[in-house]
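> Structure supplied as run-v6.cif; contents: mmCIF, N, CA and C atoms.
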data_query
loop_
_atom_site.label_atom_id
_atom_site.label_comp_id
_atom_site.auth_asym_id
_atom_site.auth_seq_id
_atom_site.Cartn_x
_atom_site.Cartn_y
_atom_site.Cartn_z
N MET A 731 86.51 -17.78 117.58
CA MET A 731 86.51 -19.13 117.02
C MET A 731 87.94 -19.47 116.61
N LYS A 732 88.36 -20.65 116.95
CA LYS A 732 89.71 -21.08 116.61
C LYS A 732 89.88 -21.18 115.09
N ARG A 733 91.11 -20.93 114.66
CA ARG A 733 91.41 -20.94 113.23
C ARG A 733 91.07 -22.29 112.59
N ASP A 734 91.40 -23.40 113.26
CA ASP A 734 91.11 -24.73 112.70
C ASP A 734 89.61 -24.98 112.59
N THR A 735 88.84 -24.48 113.56
CA THR A 735 87.39 -24.64 113.52
C THR A 735 86.81 -23.83 112.36
N LEU A 736 87.29 -22.60 112.20
CA LEU A 736 86.82 -21.77 111.09
C LEU A 736 87.19 -22.41 109.75
N ARG A 737 88.39 -22.96 109.68
CA ARG A 737 88.81 -23.64 108.45
C ARG A 737 87.90 -24.82 108.15
N THR A 738 87.56 -25.59 109.19
CA THR A 738 86.67 -26.74 109.01
C THR A 738 85.33 -26.30 108.46
N TRP A 739 84.78 -25.21 108.99
CA TRP A 739 83.49 -24.72 108.50
C TRP A 739 83.59 -24.19 107.08
N ALA A 740 84.71 -23.54 106.73
CA ALA A 740 84.90 -23.06 105.36
C ALA A 740 84.97 -24.24 104.39
N VAL A 741 85.65 -25.30 104.79
CA VAL A 741 85.72 -26.50 103.95
C VAL A 741 84.34 -27.12 103.81
N ARG A 742 83.61 -27.23 104.90
CA ARG A 742 82.25 -27.79 104.84
C ARG A 742 81.34 -26.98 103.94
N LEU A 743 81.43 -25.66 104.03
CA LEU A 743 80.61 -24.81 103.16
C LEU A 743 80.99 -25.01 101.70
N THR A 744 82.27 -25.19 101.44
CA THR A 744 82.73 -25.46 100.07
C THR A 744 82.18 -26.79 99.57
N TYR A 745 82.26 -27.81 100.40
CA TYR A 745 81.69 -29.11 100.02
C TYR A 745 80.18 -29.01 99.80
N ALA A 746 79.50 -28.24 100.63
CA ALA A 746 78.05 -28.07 100.48
C ALA A 746 77.72 -27.39 99.14
N SER A 747 78.50 -26.39 98.77
CA SER A 747 78.30 -25.72 97.48
C SER A 747 78.52 -26.69 96.32
N ILE A 748 79.52 -27.52 96.46
CA ILE A 748 79.82 -28.52 95.42
C ILE A 748 78.69 -29.55 95.35
N ALA A 749 78.20 -29.99 96.51
CA ALA A 749 77.07 -30.93 96.53
C ALA A 749 75.85 -30.30 95.89
N GLY A 750 75.64 -29.00 96.12
CA GLY A 750 74.53 -28.30 95.47
C GLY A 750 74.66 -28.31 93.96
N HIS A 751 75.87 -28.10 93.47
CA HIS A 751 76.09 -28.18 92.02
C HIS A 751 75.79 -29.58 91.49
N LEU A 752 76.24 -30.59 92.22
CA LEU A 752 75.99 -31.97 91.80
C LEU A 752 74.49 -32.26 91.76
N LEU A 753 73.77 -31.82 92.78
CA LEU A 753 72.32 -32.04 92.85
C LEU A 753 71.59 -31.29 91.74
N VAL A 754 71.91 -30.02 91.57
CA VAL A 754 71.26 -29.24 90.51
C VAL A 754 71.55 -29.85 89.15
N GLY A 755 72.80 -30.25 88.92
CA GLY A 755 73.15 -30.88 87.65
C GLY A 755 72.36 -32.14 87.40
N ALA A 756 72.14 -32.92 88.45
CA ALA A 756 71.36 -34.16 88.31
C ALA A 756 69.89 -33.87 88.07
N LEU A 757 69.39 -32.79 88.65
CA LEU A 757 67.96 -32.47 88.52
C LEU A 757 67.60 -31.76 87.21
N LEU A 758 68.54 -31.00 86.65
CA LEU A 758 68.22 -30.23 85.45
C LEU A 758 67.58 -31.06 84.33
N PRO A 759 68.14 -32.20 83.95
CA PRO A 759 67.49 -32.97 82.88
C PRO A 759 66.10 -33.47 83.26
N LEU A 760 65.88 -33.67 84.55
CA LEU A 760 64.60 -34.20 85.01
C LEU A 760 63.50 -33.14 85.08
N VAL A 761 63.88 -31.90 85.36
CA VAL A 761 62.87 -30.84 85.56
C VAL A 761 62.85 -29.81 84.44
N ALA A 762 63.68 -29.98 83.44
CA ALA A 762 63.80 -28.97 82.38
C ALA A 762 62.47 -28.63 81.72
N ASN A 763 61.58 -29.59 81.64
CA ASN A 763 60.29 -29.35 80.97
C ASN A 763 59.13 -29.30 81.97
N ALA A 764 59.42 -29.11 83.25
CA ALA A 764 58.37 -29.08 84.27
C ALA A 764 57.51 -27.82 84.12
N ALA A 765 56.22 -27.97 84.38
CA ALA A 765 55.30 -26.84 84.28
C ALA A 765 55.71 -25.69 85.20
N LEU A 766 56.34 -26.01 86.29
CA LEU A 766 56.80 -25.00 87.24
C LEU A 766 57.76 -24.00 86.58
N LEU A 767 58.44 -24.42 85.54
CA LEU A 767 59.41 -23.57 84.85
C LEU A 767 58.84 -22.87 83.61
N ASP A 768 57.53 -22.95 83.40
CA ASP A 768 56.92 -22.31 82.22
C ASP A 768 57.22 -20.82 82.16
N GLY A 769 57.12 -20.13 83.28
CA GLY A 769 57.40 -18.68 83.31
C GLY A 769 58.84 -18.38 82.95
N TYR A 770 59.74 -19.18 83.48
CA TYR A 770 61.16 -19.03 83.17
C TYR A 770 61.39 -19.23 81.67
N HIS A 771 60.85 -20.32 81.14
CA HIS A 771 61.01 -20.60 79.70
C HIS A 771 60.44 -19.47 78.86
N HIS A 772 59.27 -18.99 79.22
CA HIS A 772 58.64 -17.93 78.44
C HIS A 772 59.50 -16.66 78.45
N GLY A 773 60.09 -16.34 79.60
CA GLY A 773 60.95 -15.16 79.68
C GLY A 773 62.15 -15.26 78.76
N ILE A 774 62.79 -16.43 78.74
CA ILE A 774 63.94 -16.64 77.87
C ILE A 774 63.51 -16.62 76.41
N GLU A 775 62.42 -17.30 76.11
CA GLU A 775 61.92 -17.34 74.73
C GLU A 775 61.59 -15.94 74.24
N SER A 776 60.96 -15.14 75.09
CA SER A 776 60.61 -13.77 74.70
C SER A 776 61.85 -12.93 74.46
N ALA A 777 62.88 -13.13 75.28
CA ALA A 777 64.11 -12.36 75.11
C ALA A 777 64.76 -12.62 73.76
N PHE A 778 64.64 -13.87 73.28
CA PHE A 778 65.29 -14.21 72.02
C PHE A 778 64.37 -14.08 70.80
N TRP A 779 63.08 -14.34 70.99
CA TRP A 779 62.18 -14.40 69.85
C TRP A 779 61.15 -13.29 69.80
N GLY A 780 61.05 -12.51 70.87
CA GLY A 780 60.03 -11.46 70.91
C GLY A 780 58.65 -12.08 71.09
N PRO A 781 57.62 -11.39 70.60
CA PRO A 781 56.26 -11.90 70.83
C PRO A 781 55.88 -13.11 69.97
N VAL A 782 56.61 -13.35 68.86
CA VAL A 782 56.29 -14.48 67.99
C VAL A 782 57.31 -15.59 68.25
N ILE A 783 56.95 -16.50 69.14
CA ILE A 783 57.85 -17.56 69.56
C ILE A 783 57.57 -18.82 68.74
N PRO A 784 58.57 -19.32 68.00
CA PRO A 784 58.35 -20.53 67.21
C PRO A 784 58.04 -21.73 68.13
N ALA A 785 57.28 -22.64 67.64
CA ALA A 785 56.88 -23.81 68.42
C ALA A 785 58.09 -24.63 68.87
N ALA A 786 59.12 -24.68 68.06
CA ALA A 786 60.29 -25.49 68.40
C ALA A 786 61.21 -24.83 69.43
N ALA A 787 60.95 -23.58 69.75
CA ALA A 787 61.84 -22.87 70.69
C ALA A 787 61.86 -23.54 72.06
N ARG A 788 60.72 -23.96 72.54
CA ARG A 788 60.66 -24.60 73.86
C ARG A 788 61.43 -25.92 73.86
N ALA A 789 61.23 -26.71 72.82
CA ALA A 789 61.93 -28.00 72.75
C ALA A 789 63.44 -27.80 72.72
N GLN A 790 63.89 -26.80 71.98
CA GLN A 790 65.32 -26.54 71.92
C GLN A 790 65.84 -26.06 73.28
N GLN A 791 65.10 -25.22 73.95
CA GLN A 791 65.52 -24.72 75.25
C GLN A 791 65.58 -25.85 76.29
N VAL A 792 64.58 -26.71 76.28
CA VAL A 792 64.57 -27.85 77.20
C VAL A 792 65.76 -28.76 76.92
N TRP A 793 66.08 -28.94 75.65
CA TRP A 793 67.22 -29.77 75.28
C TRP A 793 68.52 -29.16 75.82
N TRP A 794 68.71 -27.84 75.66
CA TRP A 794 69.91 -27.17 76.14
C TRP A 794 70.03 -27.28 77.66
N ILE A 795 68.94 -27.06 78.36
CA ILE A 795 68.96 -27.16 79.83
C ILE A 795 69.28 -28.59 80.26
N SER A 796 68.67 -29.54 79.60
CA SER A 796 68.94 -30.95 79.92
C SER A 796 70.40 -31.29 79.67
N LEU A 797 70.95 -30.79 78.60
CA LEU A 797 72.35 -31.03 78.25
C LEU A 797 73.29 -30.35 79.25
N PHE A 798 72.88 -29.22 79.77
CA PHE A 798 73.70 -28.48 80.73
C PHE A 798 73.83 -29.22 82.06
N GLY A 799 72.84 -30.02 82.42
CA GLY A 799 72.86 -30.76 83.68
C GLY A 799 74.11 -31.62 83.85
N PRO A 800 74.41 -32.50 82.90
CA PRO A 800 75.63 -33.31 83.04
C PRO A 800 76.91 -32.47 83.07
N THR A 801 76.91 -31.32 82.39
CA THR A 801 78.07 -30.43 82.43
C THR A 801 78.28 -29.90 83.85
N VAL A 802 77.20 -29.50 84.50
CA VAL A 802 77.29 -29.02 85.88
C VAL A 802 77.73 -30.15 86.81
N GLN A 803 77.23 -31.35 86.56
CA GLN A 803 77.65 -32.50 87.38
C GLN A 803 79.15 -32.76 87.23
N ALA A 804 79.64 -32.72 86.02
CA ALA A 804 81.06 -32.96 85.79
C ALA A 804 81.90 -31.87 86.47
N ALA A 805 81.48 -30.64 86.35
CA ALA A 805 82.20 -29.55 87.02
C ALA A 805 82.21 -29.75 88.53
N ALA A 806 81.11 -30.24 89.07
CA ALA A 806 81.04 -30.51 90.51
C ALA A 806 82.04 -31.58 90.92
N ILE A 807 82.20 -32.60 90.10
CA ILE A 807 83.18 -33.65 90.39
C ILE A 807 84.59 -33.06 90.40
N TRP A 808 84.90 -32.24 89.41
CA TRP A 808 86.23 -31.62 89.36
C TRP A 808 86.43 -30.68 90.55
N MET A 809 85.40 -29.90 90.88
CA MET A 809 85.50 -29.02 92.04
C MET A 809 85.69 -29.84 93.31
N GLY A 810 84.97 -30.95 93.41
CA GLY A 810 85.10 -31.81 94.57
C GLY A 810 86.50 -32.38 94.72
N ALA A 811 87.10 -32.76 93.60
CA ALA A 811 88.47 -33.29 93.64
C ALA A 811 89.45 -32.21 94.11
N LEU A 812 89.31 -31.01 93.59
CA LEU A 812 90.18 -29.92 94.02
C LEU A 812 89.97 -29.59 95.50
N ALA A 813 88.71 -29.59 95.95
CA ALA A 813 88.42 -29.31 97.36
C ALA A 813 89.01 -30.40 98.25
N TRP A 814 88.92 -31.64 97.82
CA TRP A 814 89.47 -32.74 98.61
C TRP A 814 90.98 -32.58 98.73
N ILE A 815 91.64 -32.26 97.62
CA ILE A 815 93.09 -32.04 97.64
C ILE A 815 93.42 -30.85 98.53
N GLY A 816 92.67 -29.76 98.37
CA GLY A 816 92.91 -28.58 99.18
C GLY A 816 92.74 -28.85 100.66
N ASP A 817 91.72 -29.62 101.00
CA ASP A 817 91.45 -29.94 102.40
C ASP A 817 92.52 -30.87 102.96
N ARG A 818 92.79 -31.97 102.30
CA ARG A 818 93.71 -32.98 102.82
C ARG A 818 95.16 -32.49 102.85
N GLN A 819 95.55 -31.77 101.81
CA GLN A 819 96.95 -31.34 101.72
C GLN A 819 97.15 -29.89 102.16
N ARG A 820 96.05 -29.24 102.55
CA ARG A 820 96.11 -27.81 102.89
C ARG A 820 96.80 -27.05 101.75
N SER A 821 96.31 -27.32 100.55
CA SER A 821 96.93 -26.81 99.33
C SER A 821 96.30 -25.49 98.90
N ALA A 822 97.06 -24.42 99.03
CA ALA A 822 96.60 -23.12 98.56
C ALA A 822 96.38 -23.15 97.06
N PHE A 823 97.18 -23.94 96.35
CA PHE A 823 97.03 -24.05 94.90
C PHE A 823 95.64 -24.56 94.53
N ALA A 824 95.15 -25.59 95.23
CA ALA A 824 93.83 -26.15 94.92
C ALA A 824 92.74 -25.11 95.15
N TRP A 825 92.82 -24.38 96.27
CA TRP A 825 91.82 -23.33 96.53
C TRP A 825 91.93 -22.24 95.47
N GLY A 826 93.16 -21.89 95.09
CA GLY A 826 93.35 -20.87 94.05
C GLY A 826 92.78 -21.30 92.71
N ALA A 827 92.91 -22.59 92.39
CA ALA A 827 92.35 -23.10 91.14
C ALA A 827 90.82 -23.00 91.15
N LEU A 828 90.21 -23.31 92.29
CA LEU A 828 88.75 -23.15 92.39
C LEU A 828 88.35 -21.69 92.25
N ILE A 829 89.08 -20.80 92.90
CA ILE A 829 88.80 -19.37 92.78
C ILE A 829 88.96 -18.92 91.34
N ALA A 830 90.03 -19.35 90.68
CA ALA A 830 90.27 -18.96 89.29
C ALA A 830 89.12 -19.40 88.39
N GLY A 831 88.63 -20.60 88.61
CA GLY A 831 87.50 -21.08 87.82
C GLY A 831 86.27 -20.21 87.99
N ILE A 832 85.99 -19.83 89.23
CA ILE A 832 84.81 -18.99 89.50
C ILE A 832 85.00 -17.59 88.91
N VAL A 833 86.20 -17.04 89.08
CA VAL A 833 86.48 -15.69 88.58
C VAL A 833 86.47 -15.66 87.05
N LEU A 834 86.84 -16.76 86.43
CA LEU A 834 86.77 -16.85 84.97
C LEU A 834 85.33 -17.01 84.49
N TRP A 835 84.58 -17.88 85.17
CA TRP A 835 83.22 -18.20 84.75
C TRP A 835 82.22 -17.07 85.03
N ALA A 836 82.18 -16.58 86.25
CA ALA A 836 81.08 -15.71 86.69
C ALA A 836 80.91 -14.43 85.86
N PRO A 837 81.94 -13.63 85.65
CA PRO A 837 81.71 -12.39 84.88
C PRO A 837 81.22 -12.66 83.46
N GLN A 838 81.78 -13.69 82.83
CA GLN A 838 81.35 -14.01 81.47
C GLN A 838 79.90 -14.47 81.45
N ASP A 839 79.56 -15.36 82.37
CA ASP A 839 78.20 -15.89 82.44
C ASP A 839 77.21 -14.76 82.72
N MET A 840 77.59 -13.87 83.63
CA MET A 840 76.71 -12.75 83.97
C MET A 840 76.54 -11.80 82.79
N LEU A 841 77.63 -11.51 82.09
CA LEU A 841 77.55 -10.62 80.94
C LEU A 841 76.68 -11.22 79.83
N ILE A 842 76.88 -12.48 79.55
CA ILE A 842 76.06 -13.15 78.53
C ILE A 842 74.60 -13.14 78.94
N SER A 843 74.33 -13.37 80.21
CA SER A 843 72.95 -13.35 80.71
C SER A 843 72.36 -11.96 80.63
N LEU A 844 73.15 -10.94 80.97
CA LEU A 844 72.64 -9.56 80.88
C LEU A 844 72.32 -9.18 79.44
N ARG A 845 73.16 -9.60 78.51
CA ARG A 845 72.90 -9.31 77.09
C ARG A 845 71.60 -9.93 76.61
N ALA A 846 71.21 -11.06 77.22
CA ALA A 846 69.96 -11.73 76.86
C ALA A 846 68.82 -11.28 77.77
N ASP A 847 69.09 -10.31 78.66
CA ASP A 847 68.09 -9.83 79.62
C ASP A 847 67.56 -10.96 80.49
N ALA A 848 68.45 -11.91 80.83
CA ALA A 848 68.09 -13.07 81.65
C ALA A 848 68.54 -12.80 83.09
N TRP A 849 67.81 -11.95 83.77
CA TRP A 849 68.18 -11.51 85.11
C TRP A 849 68.19 -12.65 86.13
N ILE A 850 67.35 -13.64 85.93
CA ILE A 850 67.33 -14.76 86.87
C ILE A 850 68.70 -15.45 86.90
N HIS A 851 69.36 -15.52 85.76
CA HIS A 851 70.68 -16.14 85.70
C HIS A 851 71.71 -15.27 86.43
N VAL A 852 71.59 -13.97 86.27
CA VAL A 852 72.51 -13.05 86.95
C VAL A 852 72.37 -13.21 88.47
N TRP A 853 71.14 -13.29 88.94
CA TRP A 853 70.90 -13.45 90.38
C TRP A 853 71.44 -14.80 90.88
N ILE A 854 71.19 -15.85 90.14
CA ILE A 854 71.70 -17.17 90.53
C ILE A 854 73.23 -17.16 90.57
N ASP A 855 73.85 -16.58 89.55
CA ASP A 855 75.31 -16.47 89.52
C ASP A 855 75.81 -15.66 90.71
N GLY A 856 75.15 -14.56 91.00
CA GLY A 856 75.56 -13.71 92.12
C GLY A 856 75.50 -14.45 93.45
N VAL A 857 74.43 -15.22 93.65
CA VAL A 857 74.32 -16.00 94.88
C VAL A 857 75.41 -17.06 94.94
N ALA A 858 75.66 -17.72 93.83
CA ALA A 858 76.71 -18.75 93.80
C ALA A 858 78.07 -18.15 94.13
N VAL A 859 78.38 -17.02 93.55
CA VAL A 859 79.67 -16.36 93.81
C VAL A 859 79.75 -15.91 95.27
N ALA A 860 78.67 -15.33 95.78
CA ALA A 860 78.66 -14.86 97.17
C ALA A 860 78.81 -16.01 98.17
N CYS A 861 78.29 -17.17 97.82
CA CYS A 861 78.41 -18.34 98.71
C CYS A 861 79.76 -19.03 98.59
N MET A 862 80.32 -19.03 97.41
CA MET A 862 81.52 -19.84 97.17
C MET A 862 82.83 -19.08 97.37
N LEU A 863 82.90 -17.83 96.93
CA LEU A 863 84.20 -17.14 96.98
C LEU A 863 84.72 -16.84 98.39
N PRO A 864 83.90 -16.32 99.31
CA PRO A 864 84.47 -15.99 100.62
C PRO A 864 85.17 -17.16 101.33
N PRO A 865 84.54 -18.34 101.44
CA PRO A 865 85.27 -19.41 102.11
C PRO A 865 86.51 -19.86 101.34
N LEU A 866 86.45 -19.80 100.00
CA LEU A 866 87.62 -20.20 99.22
C LEU A 866 88.78 -19.21 99.40
N VAL A 867 88.47 -17.93 99.43
CA VAL A 867 89.52 -16.93 99.65
C VAL A 867 90.12 -17.12 101.04
N TYR A 868 89.26 -17.36 102.03
CA TYR A 868 89.77 -17.63 103.38
C TYR A 868 90.69 -18.85 103.38
N LEU A 869 90.26 -19.93 102.76
CA LEU A 869 91.06 -21.15 102.72
C LEU A 869 92.39 -20.92 102.00
N LEU A 870 92.35 -20.18 100.90
CA LEU A 870 93.58 -19.85 100.18
C LEU A 870 94.54 -19.11 101.11
N CYS A 871 94.03 -18.10 101.78
CA CYS A 871 94.89 -17.27 102.64
C CYS A 871 95.44 -18.06 103.82
N ILE A 872 94.59 -18.80 104.49
CA ILE A 872 95.05 -19.53 105.68
C ILE A 872 96.02 -20.65 105.32
N ASP A 873 95.78 -21.36 104.23
CA ASP A 873 96.67 -22.45 103.85
C ASP A 873 97.97 -21.91 103.26
N ARG A 874 97.92 -20.79 102.57
CA ARG A 874 99.15 -20.18 102.05
C ARG A 874 100.00 -19.67 103.20
N ALA A 875 99.36 -19.06 104.20
CA ALA A 875 100.09 -18.55 105.36
C ALA A 875 100.74 -19.69 106.12
N ARG A 876 100.03 -20.80 106.26
CA ARG A 876 100.55 -21.95 106.98
C ARG A 876 101.74 -22.56 106.24
N ALA A 877 101.67 -22.55 104.91
CA ALA A 877 102.75 -23.14 104.11
C ALA A 877 104.04 -22.32 104.20
N THR A 878 103.91 -21.03 104.45
CA THR A 878 105.10 -20.16 104.52
C THR A 878 105.69 -20.08 105.92
N GLN A 879 105.06 -20.72 106.89
CA GLN A 879 105.58 -20.67 108.27
C GLN A 879 106.74 -21.60 108.45
#
Could I get this file's structure written as C-alpha coordinates?

Amino acid sequence: MKRDTLRTWAVRLTYASIAGHLLVGALLPLVANAALLDGYHHGIESAFWGPVIPAAARAQQVWWISLFGPTVQAAAIWMGALAWIGDRQRSAFAWGALIAGIVLWAPQDMLISLRADAWIHVWIDGVAVACMLPPLVYLLCIDRARATQ
(Lines of atoms letter the chains of each structure in order from A and count residues from 1; the text may use other names and numbers.)
(Lines give C-alpha, C1' and ligand atoms only; values in the text may rest on other atoms or scores of the structure.)
Protein backbone atom coordinates (compact mmCIF):
# COMPACT_ATOMS: atom_id res chain seq x y z
CA MET A 1 0.00 0.00 0.00
CA LYS A 2 1.35 3.41 -0.90
CA ARG A 3 2.44 5.66 1.94
CA ASP A 4 -0.11 8.38 1.02
CA THR A 5 -2.93 5.82 0.93
CA LEU A 6 -1.94 4.44 4.33
CA ARG A 7 -1.74 7.99 5.69
CA THR A 8 -5.23 8.71 4.35
CA TRP A 9 -6.61 5.64 6.11
CA ALA A 10 -4.84 6.55 9.37
CA VAL A 11 -6.37 10.03 9.20
CA ARG A 12 -9.81 8.57 8.47
CA LEU A 13 -9.52 6.18 11.41
CA THR A 14 -8.54 9.12 13.62
CA TYR A 15 -11.54 11.13 12.45
CA ALA A 16 -13.78 8.09 13.03
CA SER A 17 -12.49 7.78 16.61
CA ILE A 18 -13.16 11.47 17.16
CA ALA A 19 -16.67 11.14 15.69
CA GLY A 20 -17.24 8.23 18.08
CA HIS A 21 -16.28 10.44 21.00
CA LEU A 22 -18.65 13.15 19.77
CA LEU A 23 -21.50 10.65 19.40
CA VAL A 24 -20.92 8.99 22.78
CA GLY A 25 -20.69 12.40 24.44
CA ALA A 26 -24.00 13.42 22.88
CA LEU A 27 -25.69 10.17 23.90
CA LEU A 28 -24.47 9.97 27.51
CA PRO A 29 -26.94 12.52 28.91
CA LEU A 30 -29.76 10.86 26.99
CA VAL A 31 -29.09 7.26 28.06
CA ALA A 32 -27.56 7.75 31.51
CA ASN A 33 -30.73 6.55 33.23
CA ALA A 34 -31.76 3.91 30.65
CA ALA A 35 -32.88 0.55 32.01
CA LEU A 36 -30.27 -1.08 29.76
CA LEU A 37 -27.60 0.39 32.05
CA ASP A 38 -29.10 -0.89 35.33
CA GLY A 39 -26.45 -3.62 35.65
CA TYR A 40 -23.67 -1.13 35.03
CA HIS A 41 -25.09 1.29 37.60
CA HIS A 42 -25.52 -1.47 40.16
CA GLY A 43 -21.90 -2.59 39.70
CA ILE A 44 -20.59 0.93 40.29
CA GLU A 45 -22.94 1.51 43.21
CA SER A 46 -21.87 -1.76 44.82
CA ALA A 47 -18.20 -0.90 44.41
CA PHE A 48 -18.68 2.35 46.32
CA TRP A 49 -21.50 1.55 48.73
CA GLY A 50 -21.35 -2.21 49.25
CA PRO A 51 -24.63 -4.05 49.78
CA VAL A 52 -26.43 -1.06 51.37
CA ILE A 53 -26.86 1.40 48.51
CA PRO A 54 -28.47 4.73 49.42
CA ALA A 55 -31.46 5.71 47.32
CA ALA A 56 -29.75 8.89 46.13
CA ALA A 57 -26.71 7.01 44.79
CA ARG A 58 -28.35 6.27 41.45
CA ALA A 59 -29.47 9.86 40.95
CA GLN A 60 -25.99 11.13 41.69
CA GLN A 61 -24.40 8.62 39.33
CA VAL A 62 -26.82 9.49 36.51
CA TRP A 63 -26.04 13.17 37.09
CA TRP A 64 -22.27 12.54 36.85
CA ILE A 65 -22.63 10.49 33.66
CA SER A 66 -24.89 13.13 32.14
CA LEU A 67 -22.40 15.83 33.05
CA PHE A 68 -19.55 13.81 31.56
CA GLY A 69 -21.26 13.75 28.14
CA PRO A 70 -20.64 17.42 27.29
CA THR A 71 -17.04 17.05 28.54
CA VAL A 72 -16.47 14.20 26.07
CA GLN A 73 -18.09 16.27 23.32
CA ALA A 74 -15.81 19.22 24.02
CA ALA A 75 -12.74 16.97 24.01
CA ALA A 76 -13.88 15.57 20.66
CA ILE A 77 -14.06 19.08 19.22
CA TRP A 78 -10.52 19.83 20.42
CA MET A 79 -9.28 16.48 19.11
CA GLY A 80 -11.00 17.21 15.80
CA ALA A 81 -9.29 20.58 15.52
CA LEU A 82 -5.87 19.04 16.18
CA ALA A 83 -6.57 16.24 13.67
CA TRP A 84 -7.64 18.78 11.05
CA ILE A 85 -4.45 20.77 11.60
CA GLY A 86 -2.37 17.59 11.55
CA ASP A 87 -4.01 16.41 8.34
CA ARG A 88 -3.97 19.70 6.43
CA GLN A 89 -0.53 20.87 7.52
CA ARG A 90 1.03 17.41 7.94
CA SER A 91 1.91 18.62 11.42
CA ALA A 92 3.75 16.12 13.58
CA PHE A 93 3.17 18.50 16.49
CA ALA A 94 -0.63 18.13 16.19
CA TRP A 95 -0.39 14.31 16.14
CA GLY A 96 2.03 14.46 19.08
CA ALA A 97 -0.40 16.63 21.04
CA LEU A 98 -3.17 14.08 20.49
CA ILE A 99 -0.83 11.27 21.57
CA ALA A 100 0.22 13.24 24.65
CA GLY A 101 -3.41 13.72 25.64
CA ILE A 102 -4.13 10.01 25.35
CA VAL A 103 -0.94 9.02 27.18
CA LEU A 104 -1.77 11.46 29.97
CA TRP A 105 -5.43 10.44 30.23
CA ALA A 106 -5.45 6.66 29.78
CA PRO A 107 -3.16 5.40 32.59
CA GLN A 108 -4.77 7.71 35.14
CA ASP A 109 -8.29 6.82 34.06
CA MET A 110 -7.46 3.12 34.11
CA LEU A 111 -5.84 3.32 37.54
CA ILE A 112 -8.78 5.23 39.01
CA SER A 113 -11.15 2.68 37.47
CA LEU A 114 -9.13 -0.25 38.81
CA ARG A 115 -9.17 1.25 42.31
CA ALA A 116 -12.97 1.35 42.08
CA ASP A 117 -13.05 -2.19 40.61
CA ALA A 118 -14.77 -0.72 37.53
CA TRP A 119 -13.40 -3.16 34.96
CA ILE A 120 -15.83 -2.07 32.27
CA HIS A 121 -14.10 1.33 32.25
CA VAL A 122 -10.67 -0.30 31.98
CA TRP A 123 -11.84 -2.33 28.97
CA ILE A 124 -13.40 0.70 27.29
CA ASP A 125 -10.21 2.70 27.88
CA GLY A 126 -8.10 -0.15 26.52
CA VAL A 127 -10.17 -0.36 23.35
CA ALA A 128 -10.00 3.41 22.88
CA VAL A 129 -6.23 3.43 23.29
CA ALA A 130 -5.78 0.42 20.98
CA CYS A 131 -7.90 2.12 18.29
CA MET A 132 -6.47 5.61 18.60
CA LEU A 133 -2.75 5.33 19.36
CA PRO A 134 -1.46 3.20 16.44
CA PRO A 135 -2.71 5.50 13.65
CA LEU A 136 -1.60 8.58 15.59
CA VAL A 137 1.90 7.19 16.13
CA TYR A 138 2.07 6.33 12.43
CA LEU A 139 0.94 9.84 11.47
CA LEU A 140 3.46 11.40 13.86
CA CYS A 141 6.29 9.34 12.39
CA ILE A 142 5.39 9.81 8.73
CA ASP A 143 4.76 13.55 9.02
CA ARG A 144 7.89 14.11 11.11
CA ALA A 145 9.96 12.17 8.57
CA ARG A 146 8.47 14.19 5.72
CA ALA A 147 9.22 17.47 7.51
CA THR A 148 12.91 16.56 7.89
CA GLN A 149 13.38 15.68 4.20
> Hey, can you check how far atom CA of A:Val867 sits from atom CA of A:His751?
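Distance between the two atoms: 19.1 Å.
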> Can you work out which one of A:His851, A:Gly856, A:Asp817, A:Gly780 has the shortest atom-to-atom distance to A:Val833, counting only C-alpha atoms?
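Checking each candidate against A:Val833, we get A:Gly856 as the closest.
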> Quick one: pull the distance between atom C of A:Arg742 and atom N of A:Val802, Å, one decimal.
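Going from atom C of A:Arg742 over to atom N of A:Val802, I get 20.0 Å.
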> Please identify all polymer residues within 8 Å of A:Asn763, counting all atoms listed in the file, omitting same-chain residues fewer than 6 positions from it, and present them as a list in words.
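Everything that qualifies: Arg788, Gln791, Val792, Trp793, Ile795 and Ser796 of chain A.
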> If I take atom N of A:Trp808 and atom N of A:Ile850, how far is one from the other in Å, to one decimal?
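Taking atom N of A:Trp808 as the start and atom N of A:Ile850 as the end point, the length is 25.8 Å.
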> Applied to the shown file, which residues does the PyMOL selection byres ((chain A and resi 764-778) around 8) return, written as a list of chain:residue names?
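Output from the PyMOL selection byres ((chain A and resi 764-778) around 8), applied to this file: A:Pro759, A:Leu760, A:Val761, A:Ala762, A:Asn763, A:Trp779, A:Gly780, A:Pro781, A:Val782, A:Ile783, A:Pro784, A:Ala787, A:Arg788, A:Gln791, A:Val792, A:Arg845, A:Ala846, A:Asp847, A:Ala848.
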> If you count all atoms listed in the file, which residues fall within 8 Å of A:Ala756, apart from same-chain ones fewer than 5 positions away, as a count of residues only?
10
> Return as CSV the residues of stretch 779-856 of chain A lying at most 8 Å from stretch 873-876 of chain A, together with the closest atom-to-atom pair for each and the distance in Å to one decimal, counting all atoms listed in the file, with rows in chain order and ascending residue number.

residue,atom,partner,partner_atom,distance
A:Gln819,C,A:Asp873,CA,7.6
A:Arg820,C,A:Asp873,CA,5.1
A:Ser821,C,A:Asp873,CA,5.8
A:Ala822,CA,A:Arg874,N,4.8
A:Phe823,N,A:Arg874,N,7.0
> Using only C-alpha atoms, which residue out of A:Trp814, A:Tyr868, A:Trp739, A:Trp849 lies closest to A:Ile829?
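Selected residue with least distance to A:Ile829: A:Tyr868.
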> Leaving out A:Gly826 and any residue of its chain fewer than 6 positions from it, which residues lie within 8 Å of it when counting all atoms listed in the file, given as a ChimeraX atom specification?
/A:816,832,866-867,869-871
> Using only C-alpha atoms, pick whichever of A:Asp855, A:Gly810, A:Leu863, A:Leu758 has the shortest atom-to-atom distance to A:Ala746.
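Closest residue, counting only C-alpha atoms: A:Gly810.
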> As an NGL selection string, please: every residue in stretch 739-848 of chain A that DSSP puts in alpha helix (DSSP H).
:A and (739-761 or 768-779 or 786-819 or 822-845)
> Of the residues A:Ala858, A:Ala749, A:Val754, A:Ile807, which is the one nearest to A:Trp835, using only C-alpha atoms?
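Looking only at the distances to A:Trp835, the closest residue turns out to be A:Ala858.
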> Kindly indicate which residue among A:Arg737, A:Gly755, A:Ile872, A:Tyr745 lies nearest to A:Ala813, using all atoms listed in the file for the distances.
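Of A:Arg737, A:Gly755, A:Ile872, A:Tyr745, the one nearest A:Ala813, counting all atoms listed in the file, is A:Tyr745.
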> How big is the axis-aligned box, and where does its centre sit, when it encloses all atoms of stretch 813-821 of chain A listed in the file and has 8 Å added on every side, reported in Å to one decimal as lines of an AutoDock Vina configuration file?

center_x = 92.8
center_y = -29.2
center_z = 99.5
size_x = 24.7
size_y = 23.5
size_z = 23.0
